[in-house]
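The next block holds one structure in the form of structure tokens; read it before the comments.
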Amino acid sequence: MEHSRGALVRWSLVDVLVVLYALVPVLWITSLSFKDPATFTDGSFIPRAWTLENYQGIFDNADFTRGLINSIGIGLIATLIAIVFGTMAAYAVARLDFPGKGALVGASLLVAMFPQISLVSPLFQIERALGLFDTWPGLILPYITFALPLTIFTLSSFLREIPWELEQAAQLDGATPFQAFRQVIVPLAMPGMVTTAILTFIFCWNDFLFAISLTSSNRARTAPATISFFTGSSQFEDPAGSICAAAVVVTIPIVIFVLFFQRRIVSGLTSGAVKG
């Protein structure tokens, strides 16, 4: 009993240290975002003069609001397409036996592990040639490419847990294979699809590399990339306060997603890890 209580205390201390290590930078940025510019470099963790001027400034900035709209639109479209095609591909992986199935799974895993930085230059040249540079499709297509492997692996685990007999019963009642998939499999796999959609949207929302490499204006530039172009109203003004405020605003949707759906996210990531 003493041994387990000592272990509990040690693990609790480790957890507290990890949480503090992760949260201190976030709290520091949040503190800076509320600081008055005159006290920005005073070194105090808690602002001595609180102000909302930094937040007001970024929402008066048309580029930032446009970046938020781009992030939401591009993220939602990429997520929707990845879920639709990923669900069908995951169904094939989980339910069907066909030649090259192992190669397909291996290829999708290879794409997921590919370093994105090595693809930036070829994508830049291809999109310039196709007229996709600095457009929504120019970002949506790479996001789908990297989101599909995650979708396939996560959903195939969910689909394997759905009893095969339910689909067979629907087909015996006269449903076509596609009707059985749409009316039986998809509703049962909906929890997994929601989990995967959340993870995919977070991946698209957080991307910085493609957003800054494949855009040149606010037509398609997303919020994380827009922040890197922040400047003060003059060469003598430090935009650090605005950058911190924008970083906090961009982080809020992710925090809300994780707080509301943390159990679903963990369940989705560990689904199929243990076989009974």
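Starting from 1 in every chain, residues are counted up; chains themselves are A, B, ... following the order of the structure tokens, and ligands are numbered from 1 as listed.
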Hey, could you make a per-residue contact list for stretch 30-121 of chain A against stretch 137-161 of chain A with 9 Å as the cut-off, showing the nearest pair of atoms and its distance in Å to one decimal, counting only C-alpha atoms, sorted by chain and number, as CSV?
residue,atom,partner,partner_atom,distance
A:Ile74,CA,A:Ile140,CA,6.0
A:Gly75,CA,A:Ile140,CA,7.6
A:Ile77,CA,A:Ile140,CA,7.2
A:Ala78,CA,A:Ile140,CA,5.3
A:Thr79,CA,A:Ile144,CA,7.4
A:Ile81,CA,A:Ile144,CA,7.2
A:Ala82,CA,A:Ile144,CA,5.6
A:Ile83,CA,A:Thr151,CA,6.6
A:Phe85,CA,A:Leu148,CA,7.8
A:Gly86,CA,A:Ile152,CA,5.2
A:Thr87,CA,A:Leu155,CA,6.5
A:Met88,CA,A:Ile152,CA,8.6
A:Ala89,CA,A:Ile152,CA,6.3
A:Ala90,CA,A:Ser156,CA,4.5
A:Tyr91,CA,A:Ser156,CA,6.3
A:Ala92,CA,A:Ser156,CA,8.4
A:Val93,CA,A:Ser156,CA,6.5
A:Ala94,CA,A:Ser156,CA,5.3
A:Arg95,CA,A:Arg160,CA,7.3
A:Val105,CA,A:Pro149,CA,8.4
A:Ala107,CA,A:Pro149,CA,8.9
A:Ser108,CA,A:Pro149,CA,5.1
A:Leu109,CA,A:Pro149,CA,6.2
A:Leu110,CA,A:Pro149,CA,8.8
A:Val111,CA,A:Phe146,CA,6.8
A:Ala112,CA,A:Phe146,CA,5.8
A:Met113,CA,A:Phe146,CA,9.0
A:Phe114,CA,A:Phe146,CA,8.9
A:Gln116,CA,A:Phe146,CA,8.9
ask   = as JSON, numbers by chain, which residues of stretch 48-162 of chain A does DSSP assign to helix (DSSP H, G or I)?
value = {"A": [53, 54, 55, 56, 57, 58, 59, 62, 63, 64, 65, 66, 67, 68, 69, 70, 71, 72, 73, 74, 75, 76, 77, 78, 79, 80, 81, 82, 83, 84, 85, 86, 87, 88, 89, 90, 91, 92, 93, 94, 95, 101, 102, 103, 104, 105, 106, 107, 108, 109, 110, 111, 112, 113, 117, 118, 119, 120, 121, 122, 123, 124, 125, 126, 127, 128, 129, 130, 136, 137, 138, 139, 140, 141, 142, 143, 144, 145, 146, 147, 148, 149, 150, 151, 152, 153, 154, 155, 156, 157, 158, 159, 160]}
message = List as a PyMOL selection string the protein and nucleic acid residues near A:Ala62, meaning an atom at most 10 Å away when only C-alpha atoms are counted, but skip any in the same chain fewer than 5 places from it.
response = chain A and resi 67-68+218
task = Return the single residue from A:Cys244, A:Ile254, A:Ile58, A:Ile126 that is closest to A:Phe203, with distances computed using only C-alpha atoms.
result =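 Ranked by minimum distance to A:Phe203, first place goes to A:Ile254.
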message = I'd like the contact shell of A:Val250 - 9 Å cut-off, only C-alpha atoms, skipping same-chain residues fewer than 2 positions apart - returned as a ChimeraX atom specification.
response = /A:68,205-206,223-224,245-248,252-254
task = Give the answer as one residue: which of A:Thr251, A:Thr135, A:Asn54, A:Ser4 has the shortest atom-to-atom distance to A:Ile202, using only C-alpha atoms?
result =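 Nearest candidate to A:Ile202 out of A:Thr251, A:Thr135, A:Asn54, A:Ser4: A:Thr251.
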A:Ser217 surroundings by only C-alpha atoms, 12 Å radius, close-in-sequence under 5 positions cut, as an mmCIF file with N, CA, C and O atoms, in the first residue's frame:
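Contents of selection.cif, freshly written:
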data_model
loop_
_atom_site.group_PDB
_atom_site.id
_atom_site.type_symbol
_atom_site.label_atom_id
_atom_site.label_comp_id
_atom_site.auth_asym_id
_atom_site.auth_seq_id
_atom_site.Cartn_x
_atom_site.Cartn_y
_atom_site.Cartn_z
ATOM 1 N N ASP A 63 -6.226 41.957 -42.811
ATOM 2 C CA ASP A 63 -5.462 40.769 -43.212
ATOM 3 C C ASP A 63 -5.679 39.623 -42.221
ATOM 4 O O ASP A 63 -5.779 38.454 -42.609
ATOM 5 N N PHE A 64 -5.721 39.948 -40.918
ATOM 6 C CA PHE A 64 -5.879 38.889 -39.921
ATOM 7 C C PHE A 64 -7.282 38.283 -39.989
ATOM 8 O O PHE A 64 -7.432 37.058 -39.925
ATOM 9 N N ARG A 66 -9.198 38.206 -42.542
ATOM 10 C CA ARG A 66 -9.226 37.419 -43.775
ATOM 11 C C ARG A 66 -8.492 36.082 -43.578
ATOM 12 O O ARG A 66 -8.930 35.038 -44.079
ATOM 13 N N GLY A 67 -7.388 36.114 -42.827
ATOM 14 C CA GLY A 67 -6.663 34.877 -42.548
ATOM 15 C C GLY A 67 -7.493 33.889 -41.737
ATOM 16 O O GLY A 67 -7.448 32.678 -41.976
ATOM 17 N N ASN A 70 -9.965 32.357 -44.102
ATOM 18 C CA ASN A 70 -9.277 31.362 -44.940
ATOM 19 C C ASN A 70 -9.006 30.077 -44.156
ATOM 20 O O ASN A 70 -9.185 28.967 -44.674
ATOM 21 N N PHE A 133 -1.311 28.298 -57.353
ATOM 22 C CA PHE A 133 -0.550 29.024 -56.330
ATOM 23 C C PHE A 133 -1.382 30.192 -55.793
ATOM 24 O O PHE A 133 -2.030 30.910 -56.540
ATOM 25 N N ASP A 134 -1.363 30.347 -54.463
ATOM 26 C CA ASP A 134 -2.085 31.435 -53.796
ATOM 27 C C ASP A 134 -3.601 31.313 -53.991
ATOM 28 O O ASP A 134 -4.294 32.319 -54.173
ATOM 29 N N THR A 135 -4.099 30.087 -53.979
ATOM 30 C CA THR A 135 -5.551 29.855 -54.051
ATOM 31 C C THR A 135 -5.943 28.857 -52.961
ATOM 32 O O THR A 135 -5.099 28.139 -52.420
ATOM 33 N N TRP A 136 -7.241 28.797 -52.667
ATOM 34 C CA TRP A 136 -7.720 27.799 -51.692
ATOM 35 C C TRP A 136 -7.401 26.381 -52.138
ATOM 36 O O TRP A 136 -6.893 25.595 -51.331
ATOM 37 N N ALA A 211 1.177 26.899 -45.693
ATOM 38 C CA ALA A 211 0.436 28.164 -45.751
ATOM 39 C C ALA A 211 1.340 29.336 -46.111
ATOM 40 O O ALA A 211 0.919 30.262 -46.804
ATOM 41 N N ILE A 212 2.571 29.286 -45.646
ATOM 42 C CA ILE A 212 3.466 30.413 -45.930
ATOM 43 C C ILE A 212 4.258 30.200 -47.228
ATOM 44 O O ILE A 212 4.743 31.158 -47.820
ATOM 45 N N THR A 222 -3.525 31.606 -44.575
ATOM 46 C CA THR A 222 -4.275 31.281 -43.357
ATOM 47 C C THR A 222 -3.731 32.089 -42.174
ATOM 48 O O THR A 222 -2.687 32.738 -42.260
ATOM 49 N N ALA A 223 -4.436 31.996 -41.051
ATOM 50 C CA ALA A 223 -4.112 32.833 -39.895
ATOM 51 C C ALA A 223 -2.681 32.637 -39.378
ATOM 52 O O ALA A 223 -1.999 33.636 -39.113
ATOM 53 N N ALA A 225 0.031 31.856 -40.905
ATOM 54 C CA ALA A 225 0.969 32.512 -41.816
ATOM 55 C C ALA A 225 0.790 34.025 -41.789
ATOM 56 O O ALA A 225 1.766 34.775 -41.895
ATOM 57 N N THR A 226 -0.448 34.482 -41.625
ATOM 58 C CA THR A 226 -0.702 35.924 -41.578
ATOM 59 C C THR A 226 0.009 36.567 -40.394
ATOM 60 O O THR A 226 0.533 37.686 -40.493
ATOM 61 N N PHE A 229 3.485 37.943 -40.799
ATOM 62 C CA PHE A 229 3.665 39.163 -41.588
ATOM 63 C C PHE A 229 3.220 40.412 -40.820
ATOM 64 O O PHE A 229 3.145 41.486 -41.405
#
request  = Would you mind reading off the distance between atom CA of A:Gln168 and atom CA of A:Ala180, one decimal, in Å?
outcome  =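 Distance reported for this atom pair: 8.2 Å.
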key: d(atom CA of A:Val84, atom CA of A:Thr176) in Å   =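 We find that atom CA of A:Val84 and atom CA of A:Thr176 lie 19.0 Å from each other.
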